[in-house]
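Below is run-v2.txt, holding compact mmCIF, C-alpha atoms.
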# COMPACT_ATOMS: atom_id res chain seq x y z
CA MET A 1 131.69 110.54 79.70
CA THR A 2 131.32 112.60 82.82
CA VAL A 3 127.81 114.03 82.85
CA PRO A 4 127.58 117.83 83.20
CA ALA A 5 125.72 119.11 86.25
CA THR A 6 122.89 120.41 84.04
CA ALA A 7 122.42 117.11 82.22
CA LEU A 8 119.75 114.66 83.24
CA PRO A 9 120.42 111.02 82.34
CA PHE A 10 117.55 108.94 80.93
CA GLY A 11 115.89 108.04 84.24
CA ASN A 12 119.34 107.35 85.76
CA LYS A 13 119.51 104.06 83.85
CA LEU A 14 119.60 102.50 80.42
CA PRO A 15 116.32 102.43 78.49
CA SER A 16 114.10 99.50 79.46
CA ALA A 17 112.72 97.02 76.92
CA ASP A 18 109.42 98.95 76.94
CA ASP A 19 111.25 102.27 76.39
CA ARG A 20 113.14 100.72 73.47
CA GLN A 21 109.95 99.32 71.95
CA VAL A 22 108.13 102.67 72.17
CA ALA A 23 111.17 104.50 70.77
CA ASN A 24 111.38 102.11 67.81
CA GLN A 25 107.65 102.43 67.14
CA LEU A 26 107.77 106.22 67.21
CA ARG A 27 110.92 106.20 65.06
CA ARG A 28 109.15 104.12 62.39
CA ILE A 29 106.19 106.52 62.41
CA LEU A 30 108.44 109.59 62.04
CA ALA A 31 110.59 107.91 59.38
CA ALA A 32 107.48 107.11 57.30
CA GLN A 33 106.82 110.81 56.70
CA THR A 34 107.73 111.50 53.08
CA ASN A 35 108.41 115.24 53.21
CA GLY A 36 110.36 115.15 56.47
CA GLU A 37 107.62 116.94 58.38
CA ALA A 38 105.61 115.03 60.95
CA THR A 39 102.39 116.08 62.65
CA LEU A 40 101.87 114.86 66.18
CA LYS A 41 98.54 114.99 68.03
CA ILE A 42 98.98 115.40 71.76
CA PRO A 43 96.09 115.84 74.19
CA ASP A 44 96.00 119.23 75.91
CA PRO A 45 96.01 118.52 79.67
CA ASN A 46 93.56 121.38 80.32
CA THR A 47 90.98 120.91 77.56
CA LYS A 48 91.60 117.22 76.76
CA ARG A 49 91.39 118.16 73.06
CA PRO A 50 94.24 117.10 70.81
CA ILE A 51 96.80 119.74 69.90
CA GLU A 52 98.53 119.31 66.53
CA ILE A 53 102.24 119.97 66.48
CA THR A 54 104.07 119.91 63.16
CA LEU A 55 107.75 119.06 63.37
CA THR A 56 110.09 120.65 60.87
CA PRO A 57 112.42 118.33 58.92
CA LYS A 58 115.30 119.37 61.20
CA MET A 59 113.32 118.58 64.37
CA SER A 60 112.20 115.26 62.88
CA ASP A 61 115.82 114.40 62.15
CA ILE A 62 116.87 115.21 65.72
CA PHE A 63 114.07 113.07 67.14
CA LEU A 64 114.91 110.22 64.76
CA ARG A 65 118.54 110.23 65.91
CA LEU A 66 117.51 110.33 69.56
CA LEU A 67 114.95 107.56 69.10
CA ARG A 68 117.47 105.42 67.18
CA HIS A 69 119.85 105.50 70.16
CA ILE A 70 117.13 104.84 72.73
CA GLY A 71 115.67 102.08 70.55
CA SER A 72 119.10 100.45 70.45
CA GLY A 73 119.30 100.55 74.24
CA HIS A 74 121.96 103.25 74.46
CA ALA A 75 122.02 105.85 77.19
CA VAL A 76 121.67 109.37 75.83
CA THR A 77 122.90 112.70 77.17
CA LEU A 78 122.04 115.96 75.44
CA VAL A 79 124.78 118.60 75.49
CA PRO A 80 123.76 122.20 74.74
CA THR A 81 126.22 123.84 72.35
CA HIS A 82 126.79 126.76 74.74
CA GLU A 83 127.74 124.36 77.58
CA MET A 84 131.22 124.78 79.03
CA LEU A 85 132.90 121.39 79.30
CA THR A 86 135.80 120.11 81.33
CA THR A 87 138.74 118.69 79.44
CA GLN A 88 137.65 115.16 80.36
CA GLN A 89 134.11 115.72 79.08
CA ALA A 90 135.43 117.19 75.82
CA ALA A 91 137.95 114.36 75.41
CA ASP A 92 135.13 111.85 75.91
CA LEU A 93 133.05 113.56 73.21
CA LEU A 94 135.97 113.26 70.78
CA ASN A 95 136.80 109.74 71.95
CA VAL A 96 140.40 110.69 72.70
CA SER A 97 142.47 110.63 75.86
CA ARG A 98 142.53 113.65 78.13
CA PRO A 99 146.32 114.16 77.69
CA TYR A 100 145.88 114.15 73.90
CA PHE A 101 143.03 116.64 74.21
CA ILE A 102 145.23 118.90 76.35
CA LYS A 103 147.81 118.84 73.53
CA LEU A 104 145.08 119.99 71.12
CA LEU A 105 144.32 122.89 73.43
CA ASP A 106 147.99 123.79 73.88
CA SER A 107 148.53 123.74 70.10
CA LYS A 108 145.50 126.09 69.77
CA ASP A 109 143.56 123.62 67.60
CA ILE A 110 140.57 124.22 69.88
CA ASN A 111 139.77 127.42 71.77
CA HIS A 112 139.51 127.28 75.53
CA THR A 113 139.31 129.52 78.57
CA MET A 114 140.94 129.22 81.95
CA VAL A 115 138.81 129.10 85.08
CA GLY A 116 141.36 129.36 87.84
CA ARG A 117 143.88 126.72 86.85
CA HIS A 118 141.33 124.61 84.97
CA ARG A 119 140.63 124.68 81.25
CA ARG A 120 137.05 124.93 80.00
CA VAL A 121 135.92 124.41 76.42
CA LYS A 122 132.67 125.37 74.71
CA ALA A 123 130.81 122.35 73.42
CA GLU A 124 130.27 124.13 70.09
CA ASP A 125 134.07 124.43 69.66
CA VAL A 126 134.47 120.71 70.34
CA PHE A 127 131.73 119.86 67.83
CA ALA A 128 133.28 122.21 65.24
CA TYR A 129 136.68 120.54 65.68
CA LYS A 130 135.05 117.12 65.40
CA ALA A 131 133.30 118.10 62.14
CA THR A 132 136.56 119.49 60.71
CA ARG A 133 138.44 116.34 61.70
CA GLU A 134 135.78 114.11 60.12
CA LYS A 135 135.89 116.16 56.90
CA GLN A 136 139.70 115.84 56.77
CA ARG A 137 139.43 112.08 57.32
CA SER A 138 136.81 111.79 54.59
CA ASN A 139 138.97 113.78 52.15
CA ALA A 140 142.01 111.64 52.97
CA LEU A 141 139.98 108.48 52.43
CA ASP A 142 138.71 109.83 49.09
CA GLU A 143 142.31 110.51 48.03
CA LEU A 144 143.35 107.00 49.02
CA LEU A 145 140.48 105.48 47.10
CA SER A 146 141.20 107.54 43.99
CA SER A 147 144.91 106.73 44.09
CA ASP A 148 144.07 103.06 44.65
CA SER A 149 141.79 103.01 41.61
CA ASP A 150 144.68 104.42 39.50
CA LEU A 151 146.64 101.22 40.22
CA TYR A 152 144.13 99.04 38.38

As structure tokens - that is how I would like this structure written.
Amino acid sequence: MTVPATALPFGNKLPSADDRQVANQLRRILAAQTNGEATLKIPDPNTKRPIEITLTPKMSDIFLRLLRHIGSGHAVTLVPTHEMLTTQQAADLLNVSRPYFIKLLDSKDINHTMVGRHRRVKAEDVFAYKATREKQRSNALDELLSSDSDLY
């Protein structure tokens, strides 16, 4: 995927073995929390006393996903939902070709705006389309499985 100008890759390289080890260790610690909330103690740079930060279940989940990718050695790029993407960036997020993505825009399946002669798409619209597509696929698979079970 083409990296947006505001994105910062993970140190301009894939995570090292040490990065992966630390990510996996931290992931295990966060995953061990039973109620989904984790409390982290981080030293305050000014007072040197530890500051306690409690992560909500949603924040813990986000960190777990991030750490899972880093722990597996994958490069990670965070995309803010308000980010305006090029058609190539959006196509890469959906794992489709750019010409196919242009057809989705032309058929009004995904909203877009024109900047000069170039199309721009909000990341949140791409993610919404992706979620809808995954739900449709899941429903179709459920129908196939139920019709398959009727045969036996």

*Write out as a VMD selection string each polymer residue whose atoms come within 10 Å of A:Lys58, counting all atoms listed in the file; drop sequence neighbours fewer than 4 positions from it.*
chain A and resid 36 to 37 62 to 64

_At a cut-off of 6 Å, using all atoms listed in the file, what residues contact stretch 11-27 of chain A? Leave out same-chain residues fewer than 3 positions from it and give the result as a count of residues only._
8

*Mind checking which residues fall within 12 Å of stretch 91-108 of chain A, counting only C-alpha atoms, ignoring those fewer than 5 positions away in the same chain, and posting them as a PyMOL selection string?*
chain A and resi 1-3+77-79+85-86+113-114+118-134

*asked:* Calculated over only C-alpha atoms, which of the candidates A:Ile110, A:Val76, A:Thr39, A:Asp148 has the smallest distance to A:Met59?
replied: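 Smallest separation from A:Met59 among the options: A:Thr39.
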
Please identify all polymer residues within 10 Å of A:Ala38, counting all atoms listed in the file, omitting same-chain residues fewer than 4 positions from it, and present them as a short mmCIF file (atom, residue, chain, number, x, y, z; two decimals) with C-alpha atoms, in the coordinates of the input.
data_model
loop_
_atom_site.label_atom_id
_atom_site.label_comp_id
_atom_site.auth_asym_id
_atom_site.auth_seq_id
_atom_site.Cartn_x
_atom_site.Cartn_y
_atom_site.Cartn_z
CA ILE A 29 106.19 106.52 62.41
CA LEU A 30 108.44 109.59 62.04
CA ALA A 31 110.59 107.91 59.38
CA ALA A 32 107.48 107.11 57.30
CA GLN A 33 106.82 110.81 56.70
CA THR A 34 107.73 111.50 53.08
CA GLU A 52 98.53 119.31 66.53
CA ILE A 53 102.24 119.97 66.48
CA THR A 54 104.07 119.91 63.16
CA LEU A 55 107.75 119.06 63.37
CA THR A 56 110.09 120.65 60.87
CA PRO A 57 112.42 118.33 58.92
CA MET A 59 113.32 118.58 64.37
CA SER A 60 112.20 115.26 62.88
#

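Atom CA of A:Asp109 sits 18.8 Å away from atom CA of A:Ser138.
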
_Two-atom distance - atom CA of A:Pro43, atom CA of A:Leu66 (Å)_ = 22.6 Å

*asked:* Using Å and a single decimal, report how far atom CA of A:Ala140 sits from atom CA of A:Thr81.
replied: 27.8 Å
